[in-house]
$ cat final_6.csv   # CSV, C-alpha atoms
chain,number,residue,atom,x,y,z
A,21,MET,CA,126.8,116.3,118.0
A,22,ALA,CA,125.0,113.5,119.9
A,23,ASN,CA,121.5,114.0,118.4
A,24,ARG,CA,121.7,114.3,114.7
A,25,ILE,CA,118.5,115.6,112.9
A,26,THR,CA,118.0,113.8,109.6
A,27,LEU,CA,115.4,113.9,106.9
A,28,ASP,CA,116.6,110.7,105.2
A,29,ALA,CA,114.2,107.8,104.8
A,30,HIS,CA,114.6,104.9,107.2
A,31,PRO,CA,116.8,102.2,105.5
A,32,PRO,CA,115.2,98.7,105.1
A,33,LEU,CA,117.1,97.3,108.1
A,34,GLU,CA,115.5,99.9,110.4
A,35,MET,CA,112.2,99.3,108.7
A,36,ALA,CA,112.4,95.6,109.6
A,37,GLU,CA,113.2,96.5,113.2
A,38,ARG,CA,110.3,98.9,113.3
A,39,MET,CA,107.9,96.4,111.8
A,40,GLU,CA,108.7,93.9,114.6
A,41,ASP,CA,108.1,96.5,117.2
A,42,VAL,CA,104.9,97.7,115.5
A,43,GLY,CA,103.7,94.1,115.2
A,44,VAL,CA,104.2,93.5,119.0
A,45,LYS,CA,102.2,96.7,119.8
A,46,LYS,CA,99.4,95.8,117.4
A,47,ALA,CA,99.1,92.2,118.8
A,48,THR,CA,99.2,93.2,122.4
A,49,MET,CA,96.6,96.0,122.1
A,50,ASP,CA,93.4,96.0,124.2
A,51,PRO,CA,91.0,93.7,122.2
A,52,TRP,CA,88.1,96.3,122.2
A,53,SER,CA,90.4,99.1,121.0
A,54,MET,CA,91.7,96.6,118.3
A,55,PHE,CA,88.1,95.8,117.3
A,56,ALA,CA,87.1,99.5,117.1
A,57,LEU,CA,90.1,100.4,115.0
A,58,ALA,CA,89.3,97.4,112.7
A,59,VAL,CA,85.8,98.6,112.2
A,60,LEU,CA,87.3,102.0,111.2
A,61,ALA,CA,89.7,100.3,108.7
A,62,GLY,CA,86.8,98.3,107.1
A,63,SER,CA,84.9,101.6,106.7
A,64,PHE,CA,87.9,103.4,105.3
A,65,ILE,CA,88.5,100.6,102.7
A,66,GLY,CA,84.8,100.7,101.9
A,67,LEU,CA,85.0,104.4,101.3
A,68,GLY,CA,87.9,103.9,98.9
A,69,ALA,CA,86.0,101.2,97.1
A,70,GLU,CA,82.9,103.4,96.8
A,71,PHE,CA,85.1,106.2,95.4
A,72,PHE,CA,86.6,103.8,92.9
A,73,THR,CA,83.1,102.6,91.8
A,74,LEU,CA,81.9,106.2,91.3
A,75,VAL,CA,85.0,107.4,89.4
A,76,ILE,CA,85.3,104.5,86.9
A,77,THR,CA,81.6,104.8,85.9
A,78,ASP,CA,81.1,106.2,82.5
A,79,SER,CA,84.5,108.0,82.7
A,80,GLY,CA,84.9,108.0,78.9
A,81,LEU,CA,88.6,107.0,79.3
A,82,SER,CA,90.4,104.2,77.6
A,83,PHE,CA,90.6,100.8,79.5
A,84,GLY,CA,94.1,101.4,80.9
A,85,MET,CA,93.5,105.0,81.9
A,86,ASN,CA,90.2,104.1,83.5
A,87,LYS,CA,92.0,101.4,85.6
A,88,LEU,CA,94.7,103.9,86.5
A,89,VAL,CA,92.4,106.6,87.7
A,90,GLY,CA,90.3,104.0,89.6
A,91,GLY,CA,93.4,102.7,91.3
A,92,PHE,CA,94.6,106.2,92.2
A,93,VAL,CA,91.3,107.1,93.9
A,94,PHE,CA,91.1,103.8,95.7
A,95,CYS,CA,94.3,104.8,97.6
A,96,LEU,CA,92.0,106.9,99.8
A,97,GLY,CA,91.3,103.7,101.8
A,98,LEU,CA,94.9,102.8,102.7
A,99,ILE,CA,95.9,106.4,103.2
A,100,LEU,CA,93.1,106.8,105.8
A,101,VAL,CA,94.2,103.5,107.4
A,102,VAL,CA,97.8,104.4,107.7
A,103,VAL,CA,97.6,108.1,108.4
A,104,ALA,CA,94.5,108.3,110.5
A,105,GLY,CA,95.4,105.0,112.2
A,106,ALA,CA,93.3,101.8,111.9
A,107,GLU,CA,93.7,98.0,112.0
A,108,LEU,CA,93.5,96.4,108.6
A,109,PHE,CA,93.7,92.6,108.3
A,110,THR,CA,95.7,92.6,105.1
A,111,GLY,CA,98.3,95.0,106.5
A,112,ASN,CA,98.4,93.1,109.8
A,113,ASN,CA,99.6,90.0,107.9
A,114,LEU,CA,103.0,91.7,108.4
A,115,ILE,CA,102.8,90.8,112.1
A,116,VAL,CA,104.2,87.4,110.9
A,117,MET,CA,107.6,89.1,111.1
A,118,ALA,CA,107.3,89.6,114.9
A,119,TRP,CA,106.1,86.0,115.3
A,120,VAL,CA,109.0,84.5,113.3
A,121,GLY,CA,111.3,86.9,115.2
A,122,GLY,CA,110.1,85.2,118.5
A,123,LYS,CA,108.5,88.4,119.9
A,124,LEU,CA,104.9,87.0,119.6
A,125,THR,CA,103.3,83.7,119.9
A,126,LEU,CA,101.2,82.3,117.0
A,127,GLY,CA,98.2,82.5,119.3
A,128,GLN,CA,98.7,86.2,119.7
A,129,VAL,CA,99.0,86.6,116.0
A,130,MET,CA,95.8,84.6,115.5
A,131,GLN,CA,93.9,86.6,118.1
A,132,ASN,CA,94.8,89.8,116.3
A,133,TRP,CA,93.8,88.4,112.9
A,134,LEU,CA,90.5,87.1,114.2
A,135,ILE,CA,89.4,90.3,115.9
A,136,VAL,CA,90.7,92.5,113.1
A,137,TYR,CA,89.0,90.4,110.4
A,138,ALA,CA,85.7,90.5,112.3
A,139,GLY,CA,86.0,94.3,112.8
A,140,ASN,CA,86.9,94.8,109.1
A,141,LEU,CA,83.9,92.8,108.0
A,142,PHE,CA,81.6,94.8,110.3
A,143,GLY,CA,82.9,98.1,109.1
A,144,SER,CA,82.8,97.1,105.4
A,145,LEU,CA,79.2,95.8,105.7
A,146,ALA,CA,78.1,98.9,107.5
A,147,THR,CA,79.6,101.1,104.8
A,148,ALA,CA,77.9,99.1,102.1
A,149,ALA,CA,74.6,99.5,104.0
A,150,PHE,CA,75.1,103.3,104.3
A,151,MET,CA,76.0,103.6,100.6
A,152,TYR,CA,72.9,101.7,99.7
A,153,PHE,CA,70.7,104.0,101.8
A,154,THR,CA,72.3,107.1,100.2
A,155,ARG,CA,70.8,105.9,96.8
A,156,GLN,CA,74.0,107.2,95.3
A,157,TRP,CA,73.8,104.2,93.0
A,158,VAL,CA,71.0,105.9,90.9
A,159,PHE,CA,73.6,108.5,89.7
A,160,SER,CA,74.1,108.6,85.9
A,161,ASP,CA,70.9,106.8,85.2
A,162,TYR,CA,71.7,103.9,87.6
A,163,HIS,CA,75.1,103.4,86.0
A,164,VAL,CA,76.9,103.7,89.3
A,165,GLY,CA,74.8,100.8,90.5
A,166,VAL,CA,75.5,98.9,87.3
A,167,THR,CA,79.3,99.3,87.9
A,168,ALA,CA,78.9,98.0,91.5
A,169,LEU,CA,76.8,95.1,90.2
A,170,ASN,CA,79.3,94.1,87.5
A,171,ILE,CA,82.3,94.4,89.8
A,172,ALA,CA,80.7,92.1,92.3
A,173,ASN,CA,79.5,89.6,89.7
A,174,ALA,CA,82.9,89.4,88.1
A,175,LYS,CA,84.4,88.6,91.6
A,176,VAL,CA,82.0,85.9,92.5
A,177,ASN,CA,82.5,84.2,89.2
A,178,LEU,CA,86.3,83.9,89.5
A,179,PRO,CA,87.6,80.3,89.6
A,180,PHE,CA,89.3,79.4,92.9
A,181,GLY,CA,92.9,79.4,91.5
A,182,ALA,CA,92.4,82.8,89.9
A,183,ALA,CA,91.0,84.3,93.1
A,184,LEU,CA,93.8,82.8,95.1
A,185,THR,CA,96.7,84.0,92.9
A,186,ARG,CA,95.1,87.5,92.6
A,187,GLY,CA,94.8,87.5,96.4
A,188,ILE,CA,98.5,86.6,96.7
A,189,LEU,CA,99.6,89.4,94.4
A,190,CYS,CA,97.2,91.9,95.9
A,191,ASN,CA,98.5,91.6,99.4
A,192,ALA,CA,102.1,91.4,98.3
A,193,LEU,CA,101.5,94.9,96.9
A,194,VAL,CA,99.4,96.1,99.9
A,195,CYS,CA,102.0,94.9,102.4
A,196,LEU,CA,104.8,96.4,100.3
A,197,ALA,CA,102.9,99.7,100.5
A,198,VAL,CA,102.6,99.4,104.3
A,199,TRP,CA,106.3,98.3,104.4
A,200,LEU,CA,107.3,101.4,102.4
A,201,THR,CA,105.4,103.7,104.8
A,202,LEU,CA,107.7,102.5,107.5
A,203,SER,CA,110.5,104.2,105.6
A,204,GLY,CA,108.8,107.6,105.8
A,205,ARG,CA,109.1,110.3,108.4
A,206,SER,CA,106.2,112.6,107.3
A,207,VAL,CA,102.6,112.2,106.2
A,208,THR,CA,103.7,113.2,102.7
A,209,ASP,CA,106.3,110.4,102.6
A,210,LYS,CA,103.7,107.9,103.7
A,211,ILE,CA,101.1,109.0,101.1
A,212,MET,CA,103.7,108.8,98.3
A,213,ALA,CA,104.7,105.4,99.5
A,214,ILE,CA,101.1,104.1,99.3
A,215,LEU,CA,100.2,105.6,95.9
A,216,PHE,CA,102.1,103.3,93.4
A,217,PRO,CA,101.7,99.8,95.0
A,218,ILE,CA,98.0,100.4,95.7
A,219,THR,CA,97.2,101.9,92.3
A,220,ALA,CA,99.1,98.9,90.7
A,221,PHE,CA,97.0,96.3,92.6
A,222,VAL,CA,93.7,97.9,91.9
A,223,ALA,CA,94.5,98.7,88.2
A,224,SER,CA,95.7,95.1,87.8
A,225,GLY,CA,92.4,93.7,89.1
A,226,PHE,CA,93.9,91.8,92.0
A,227,GLU,CA,91.7,90.7,94.9
A,228,HIS,CA,91.6,92.3,98.3
A,229,SER,CA,89.6,90.4,100.9
A,230,ILE,CA,88.5,93.5,102.9
A,231,ALA,CA,87.6,95.5,99.8
A,232,ASN,CA,85.6,92.5,98.6
A,233,MET,CA,83.7,92.8,101.9
A,234,TYR,CA,82.3,96.0,100.5
A,235,PHE,CA,82.2,95.3,96.8
A,236,ILE,CA,80.3,91.9,96.9
A,237,PRO,CA,77.6,92.9,99.5
A,238,MET,CA,77.1,96.1,97.5
A,239,GLY,CA,76.6,94.0,94.3
A,240,ILE,CA,74.2,91.7,96.2
A,241,LEU,CA,72.2,94.8,97.2
A,242,MET,CA,72.2,96.0,93.6
A,243,LYS,CA,71.0,92.7,92.4
A,244,GLY,CA,67.8,93.4,94.3
A,245,GLU,CA,67.2,96.6,92.4
A,246,PRO,CA,65.3,95.9,89.2
A,247,GLN,CA,66.2,99.2,87.5
A,248,VAL,CA,69.9,98.5,88.1
A,249,VAL,CA,69.7,94.9,86.7
A,250,GLN,CA,67.7,96.2,83.7
A,251,ALA,CA,70.2,99.0,83.0
A,252,ALA,CA,73.0,96.4,83.2
A,253,GLY,CA,71.2,94.3,80.6
A,254,HIS,CA,71.5,91.2,82.8
A,255,VAL,CA,69.1,88.3,83.1
A,256,ALA,CA,68.7,86.3,86.3
A,257,ALA,CA,71.0,83.5,85.2
A,258,ASP,CA,73.9,85.9,84.7
A,259,LEU,CA,73.7,86.8,88.4
A,260,ALA,CA,73.1,83.3,89.8
A,261,GLN,CA,76.5,83.2,91.7
A,262,LEU,CA,76.0,86.7,93.2
A,263,ASN,CA,74.7,85.6,96.7
A,264,LEU,CA,76.0,84.8,100.2
A,265,GLN,CA,77.5,81.5,99.0
A,266,GLY,CA,79.4,83.3,96.2
A,267,PHE,CA,80.6,85.9,98.7
A,268,VAL,CA,81.9,83.3,101.2
A,269,ASP,CA,83.6,81.2,98.5
A,270,ASN,CA,85.4,84.4,97.2
A,271,LEU,CA,86.5,85.4,100.7
A,272,ILE,CA,87.9,82.0,101.4
A,273,ALA,CA,90.1,82.0,98.3
A,274,VAL,CA,91.1,85.6,98.5
A,275,THR,CA,91.8,85.7,102.2
A,276,THR,CA,94.0,82.6,101.8
A,277,GLY,CA,95.9,84.3,99.0
A,278,ASN,CA,96.2,87.5,101.0
A,279,ILE,CA,97.7,85.8,104.0
A,280,PHE,CA,100.2,84.0,101.8
A,281,GLY,CA,101.1,87.1,99.8
A,282,GLY,CA,101.5,89.4,102.9
A,283,GLY,CA,102.7,86.9,105.5
A,284,PHE,CA,105.0,84.7,103.5
A,285,LEU,CA,106.1,86.7,100.5
A,286,VAL,CA,106.7,90.1,102.2
A,287,ALA,CA,107.0,89.6,106.0
A,288,GLY,CA,108.7,86.1,105.7
A,289,VAL,CA,111.1,87.2,103.0
A,290,TYR,CA,112.1,90.5,104.6
A,291,TRP,CA,112.5,88.7,108.0
A,292,PHE,CA,114.8,86.2,106.3
A,293,ILE,CA,116.8,89.0,104.7
A,294,TYR,CA,117.2,91.4,107.6
A,295,ARG,CA,116.1,89.7,110.9
A,296,ARG,CA,117.1,86.1,110.9
A,297,PRO,CA,119.4,85.3,113.9
A,298,LYS,CA,122.7,85.1,111.9
A,299,VAL,CA,122.1,88.5,110.2
A,300,ARG,CA,121.0,90.1,113.4
A,301,ALA,CA,124.1,88.9,115.3
A,302,VAL,CA,126.4,90.4,112.6
A,303,GLU,CA,124.4,93.7,112.7
A,304,GLU,CA,124.6,93.9,116.5
A,305,ALA,CA,128.3,93.2,116.4
A,306,GLY,CA,128.7,95.9,113.8
A,307,ARG,CA,126.8,98.4,116.0
A,308,ALA,CA,128.9,97.5,119.1
A,309,ALA,CA,132.1,98.0,117.1
A,310,ALA,CA,131.0,101.4,115.6
A,311,PRO,CA,129.0,103.4,118.1
A,312,ALA,CA,127.4,106.7,117.4
A,313,GLU,CA,129.6,109.8,117.5
A,314,GLY,CA,130.3,111.0,121.0
A,315,GLN,CA,129.5,107.6,122.6
A,316,PRO,CA,132.3,105.6,124.2
A,317,LEU,CA,133.4,102.4,122.4
A,318,ALA,CA,132.1,99.1,123.7
A,319,ALA,CA,135.7,98.2,124.9
A,320,ASP,CA,136.0,101.5,126.8
A,321,ARG,CA,132.6,100.9,128.5
A,322,ALA,CA,133.7,97.5,129.5
A,323,SER,CA,137.0,98.8,131.0
A,324,GLY,CA,135.1,101.4,132.9
B,7,MET,CA,104.7,73.4,78.3
B,8,ALA,CA,100.9,73.2,78.8
B,9,SER,CA,101.3,70.2,81.1
B,10,LEU,CA,104.0,71.9,83.1
B,11,LEU,CA,101.8,74.9,83.6
B,12,SER,CA,98.9,72.8,84.7
B,13,ILE,CA,101.1,71.0,87.2
B,14,LEU,CA,102.3,74.4,88.5
B,15,ASP,CA,98.8,75.6,88.7
B,16,ALA,CA,97.7,72.5,90.6
B,17,GLY,CA,100.8,73.0,92.9
B,18,ILE,CA,99.9,76.5,93.7
B,19,THR,CA,96.2,75.8,94.3
B,20,ILE,CA,97.1,72.9,96.7
B,21,VAL,CA,100.3,74.0,98.4
B,22,VAL,CA,99.3,77.6,99.2
B,23,PRO,CA,96.0,76.8,100.8
B,24,ALA,CA,97.5,73.8,102.6
B,25,THR,CA,100.3,76.0,104.0
B,26,VAL,CA,98.0,78.9,105.1
B,27,TRP,CA,95.3,76.7,106.5
B,28,THR,CA,97.8,74.6,108.5
B,29,LEU,CA,99.2,77.8,110.0
B,30,LEU,CA,95.7,79.1,110.9
B,31,ALA,CA,94.8,75.7,112.4
B,32,PHE,CA,98.0,75.7,114.6
B,33,GLY,CA,97.4,79.3,115.5
B,34,LEU,CA,93.8,78.6,116.6
B,35,ILE,CA,94.9,75.6,118.7
B,36,GLN,CA,97.6,77.8,120.4
B,37,LEU,CA,95.2,80.6,120.9
B,38,ILE,CA,92.7,78.2,122.6
B,39,ARG,CA,95.5,76.7,124.8
B,40,GLU,CA,96.8,80.2,125.8
B,41,SER,CA,93.3,81.4,126.7
B,42,VAL,CA,92.7,78.3,128.8
B,43,HIS,CA,96.1,78.3,130.5
B,44,LEU,CA,96.4,82.0,131.2
B,45,PRO,CA,93.4,82.3,133.6
B,46,MET,CA,94.7,79.1,135.4
B,47,GLU,CA,98.2,80.5,135.6
B,48,GLN,CA,97.4,84.0,136.9
B,49,PRO,CA,96.0,83.0,140.4
B,50,ARG,CA,99.0,80.6,140.9
B,51,GLN,CA,101.4,83.4,139.9
B,52,VAL,CA,99.7,85.9,142.3
B,53,ALA,CA,99.8,83.3,145.1
B,54,ARG,CA,103.5,82.7,144.4
B,55,GLU,CA,104.3,86.4,144.5
B,56,THR,CA,102.3,87.2,147.6
B,57,ARG,CA,103.6,84.1,149.6
B,58,SER,CA,105.9,85.4,152.4

$ encode --input "final_6.csv" --output "structure tokens"
Amino acid sequence: MANRITLDAHPPLEMAERMEDVGVKKATMDPWSMFALAVLAGSFIGLGAEFFTLVITDSGLSFGMNKLVGGFVFCLGLILVVVAGAELFTGNNLIVMAWVGGKLTLGQVMQNWLIVYAGNLFGSLATAAFMYFTRQWVFSDYHVGVTALNIANAKVNLPFGAALTRGILCNALVCLAVWLTLSGRSVTDKIMAILFPITAFVASGFEHSIANMYFIPMGILMKGEPQVVQAAGHVAADLAQLNLQGFVDNLIAVTTGNIFGGGFLVAGVYWFIYRRPKVRAVEEAGRAAAPAEGQPLAADRASG
Amino acid sequence: MASLLSILDAGITIVVPATVWTLLAFGLIQLIRESVHLPMEQPRQVARETRS
């Protein structure tokens, strides 16, 4: 039985190998295709963020349940990215694994990150603009707009250290979700793998740079709507930080945290566990000694 | 305890950005070097390959 059909999930060692190969494919893709896929990912995350904003508005649930439901619906964004296929900056922080494995140069990693980050920004901003023009924020007596305003205002008022550490933990969970999808063989496997890590990061209030590219511009747009500001009960001083400067400051801290959380704490750690040269040599020696059923042994092949 | 936490906090807010920004700076430099060298290398390589 040379070709065994199996429904088992891929074990972590195979996931690490697949991640390196996926990283090489992502980083060597045509730049225009990469940018187009990144625009899609920005839009998908924006749609997840919009769904989150809508669902948590006046839900009548307790604090924890409201967060749980919000986190659950936000998963839409990453499910679209993973299943439909798109290039998301935070998920692409896992490419670090292919770089430390020697399959990519740091320049190639950087090119991917720059193009994908720009594409994600474009997609998120476009989604925020579309949502603004839908006037969906007037729903529930402007309370959807109030939720968007409050989310954005809370984000731009975070101190640097808090935004950084929330960014680290956020992308550790996002990259773990992407990592888990590599174990799956079906769409159902992948969706199930995404649900818990993403719900956990959203419910915990961690910071995702690409989601913030939707949330904060949407809040800035809401700041310009007097009915929304009035319904929120804010005065101008409360919203002083909600501007382009606040947006950029938040993105610097959160993106830095995201790169550390995804690139170092997930990709770097799993590379060290499964793909560092010493471990890889032992693994390859083990494979040579115990070939698949029906295949000749390495010694037999050598002797002809 | 409080001072230990504040030292740790300062450590994270300094070490993490320093590590990430250094990585990004090296990456940018390498990207620029690769994009400058590649167009120069390609004609030379083609010339080498087509030389009889």

$ residues_around --input "final_6.csv" --residues "Thr25 in chain B" --least-positions-apart "4" --cutoff "10 Å" --atoms "only C-alpha atoms" --output "list of chain:residue names"
A:Thr276, A:Phe280, A:Phe284, B:Ile20, B:Val21, B:Leu29, B:Leu30

$ write_last_selection --input "final_6.csv" --atoms "C-alpha atoms" --output "CSV table (one decimal), in the frame of the given file"
chain,number,residue,atom,x,y,z
A,276,THR,CA,94.0,82.6,101.8
A,280,PHE,CA,100.2,84.0,101.8
A,284,PHE,CA,105.0,84.7,103.5
B,20,ILE,CA,97.1,72.9,96.7
B,21,VAL,CA,100.3,74.0,98.4
B,29,LEU,CA,99.2,77.8,110.0
B,30,LEU,CA,95.7,79.1,110.9

$ residues_around --input "final_6.csv" --residues "Arg295 in chain A" --least-positions-apart "5" --cutoff "10 Å" --atoms "only C-alpha atoms" --output "JSON list (two decimals) with C-alpha atoms, keeping the file's coordinate frame"
[["chain", "number", "residue", "atom", "x", "y", "z"],
["A", 33, "LEU", "CA", 117.10, 97.30, 108.10],
["A", 36, "ALA", "CA", 112.40, 95.60, 109.60],
["A", 37, "GLU", "CA", 113.20, 96.50, 113.20],
["A", 40, "GLU", "CA", 108.70, 93.90, 114.60],
["A", 117, "MET", "CA", 107.60, 89.10, 111.10],
["A", 118, "ALA", "CA", 107.30, 89.60, 114.90],
["A", 120, "VAL", "CA", 109.00, 84.50, 113.30],
["A", 121, "GLY", "CA", 111.30, 86.90, 115.20],
["A", 288, "GLY", "CA", 108.70, 86.10, 105.70],
["A", 289, "VAL", "CA", 111.10, 87.20, 103.00],
["A", 290, "TYR", "CA", 112.10, 90.50, 104.60],
["A", 300, "ARG", "CA", 121.00, 90.10, 113.40],
["A", 301, "ALA", "CA", 124.10, 88.90, 115.30],
["A", 303, "GLU", "CA", 124.40, 93.70, 112.70]]

$ closest_atom_pairs --input "final_6.csv" --of "chain B" --to "chain A" --cutoff "10 Å" --atoms "only C-alpha atoms" --output "JSON lines"
{"residue": "B:Asp15", "atom": "CA", "partner": "A:Gly181", "partner_atom": "CA", "distance": 7.6}
{"residue": "B:Ala16", "atom": "CA", "partner": "A:Gly181", "partner_atom": "CA", "distance": 8.5}
{"residue": "B:Ile18", "atom": "CA", "partner": "A:Gly181", "partner_atom": "CA", "distance": 7.9}
{"residue": "B:Thr19", "atom": "CA", "partner": "A:Gly181", "partner_atom": "CA", "distance": 5.6}
{"residue": "B:Ile20", "atom": "CA", "partner": "A:Gly181", "partner_atom": "CA", "distance": 9.3}
{"residue": "B:Val22", "atom": "CA", "partner": "A:Phe280", "partner_atom": "CA", "distance": 7.0}
{"residue": "B:Pro23", "atom": "CA", "partner": "A:Thr276", "partner_atom": "CA", "distance": 6.2}
{"residue": "B:Ala24", "atom": "CA", "partner": "A:Thr276", "partner_atom": "CA", "distance": 9.5}
{"residue": "B:Thr25", "atom": "CA", "partner": "A:Phe280", "partner_atom": "CA", "distance": 8.3}
{"residue": "B:Val26", "atom": "CA", "partner": "A:Thr276", "partner_atom": "CA", "distance": 6.4}
{"residue": "B:Trp27", "atom": "CA", "partner": "A:Thr276", "partner_atom": "CA", "distance": 7.7}
{"residue": "B:Leu29", "atom": "CA", "partner": "A:Leu126", "partner_atom": "CA", "distance": 8.6}
{"residue": "B:Leu30", "atom": "CA", "partner": "A:Met130", "partner_atom": "CA", "distance": 7.2}
{"residue": "B:Ala31", "atom": "CA", "partner": "A:Met130", "partner_atom": "CA", "distance": 9.5}
{"residue": "B:Phe32", "atom": "CA", "partner": "A:Leu126", "partner_atom": "CA", "distance": 7.7}
{"residue": "B:Gly33", "atom": "CA", "partner": "A:Gly127", "partner_atom": "CA", "distance": 5.0}
{"residue": "B:Leu34", "atom": "CA", "partner": "A:Met130", "partner_atom": "CA", "distance": 6.4}
{"residue": "B:Ile35", "atom": "CA", "partner": "A:Gly127", "partner_atom": "CA", "distance": 7.7}
{"residue": "B:Gln36", "atom": "CA", "partner": "A:Gly127", "partner_atom": "CA", "distance": 4.9}
{"residue": "B:Leu37", "atom": "CA", "partner": "A:Gly127", "partner_atom": "CA", "distance": 3.9}
{"residue": "B:Ile38", "atom": "CA", "partner": "A:Gly127", "partner_atom": "CA", "distance": 7.7}
{"residue": "B:Arg39", "atom": "CA", "partner": "A:Gly127", "partner_atom": "CA", "distance": 8.4}
{"residue": "B:Glu40", "atom": "CA", "partner": "A:Gly127", "partner_atom": "CA", "distance": 7.0}
{"residue": "B:Ser41", "atom": "CA", "partner": "A:Gly127", "partner_atom": "CA", "distance": 8.9}

$ closest_residue --input "final_6.csv" --among "A:Ser144, A:Asn173, A:Gln265, A:Ser160" --to "Ala69 in chain A" --atoms "only C-alpha atoms"
A:Ser144

$ residues_around --input "final_6.csv" --residues "His228 in chain A" --least-positions-apart "4" --cutoff "9 Å" --atoms "all atoms listed in the file" --output "PyMOL selection string"
chain A and resi 110+186-187+190-191+194+221-222+232-233+271+274-275+278

$ closest_residue --input "final_6.csv" --among "A:Asn113, A:Thr147, A:Thr167, A:Ser63" --to "Ile76 in chain A" --atoms "only C-alpha atoms"
A:Thr167

$ atom_distance --input "final_6.csv" --atom1 "CA of Phe72 in chain A" --atom2 "CA of Ala257 in chain A"
26.7 Å

$ atom_distance --input "final_6.csv" --atom1 "CA of Gly225 in chain A" --atom2 "CA of Gly90 in chain A"
10.5 Å

$ atom_distance --input "final_6.csv" --atom1 "CA of Asp161 in chain A" --atom2 "CA of Ser229 in chain A"
29.4 Å

$ closest_residue --input "final_6.csv" --among "A:Asn140, A:Ala174, A:Phe226, A:Ile236" --to "Leu264 in chain A" --atoms "all atoms listed in the file"
A:Ile236

$ closest_residue --input "final_6.csv" --among "A:Val302, A:Cys95, A:Val286, A:Ala309" --to "Trp199 in chain A" --atoms "all atoms listed in the file"
A:Val286

$ closest_residue --input "final_6.csv" --among "A:Val158, A:Leu88, A:Leu193, A:Ala172" --to "Leu285 in chain A" --atoms "all atoms listed in the file"
A:Leu193

$ closest_residue --input "final_6.csv" --among "A:Met39, A:Phe159, A:Ala305, A:Pro246" --to "Trp119 in chain A" --atoms "only C-alpha atoms"
A:Met39
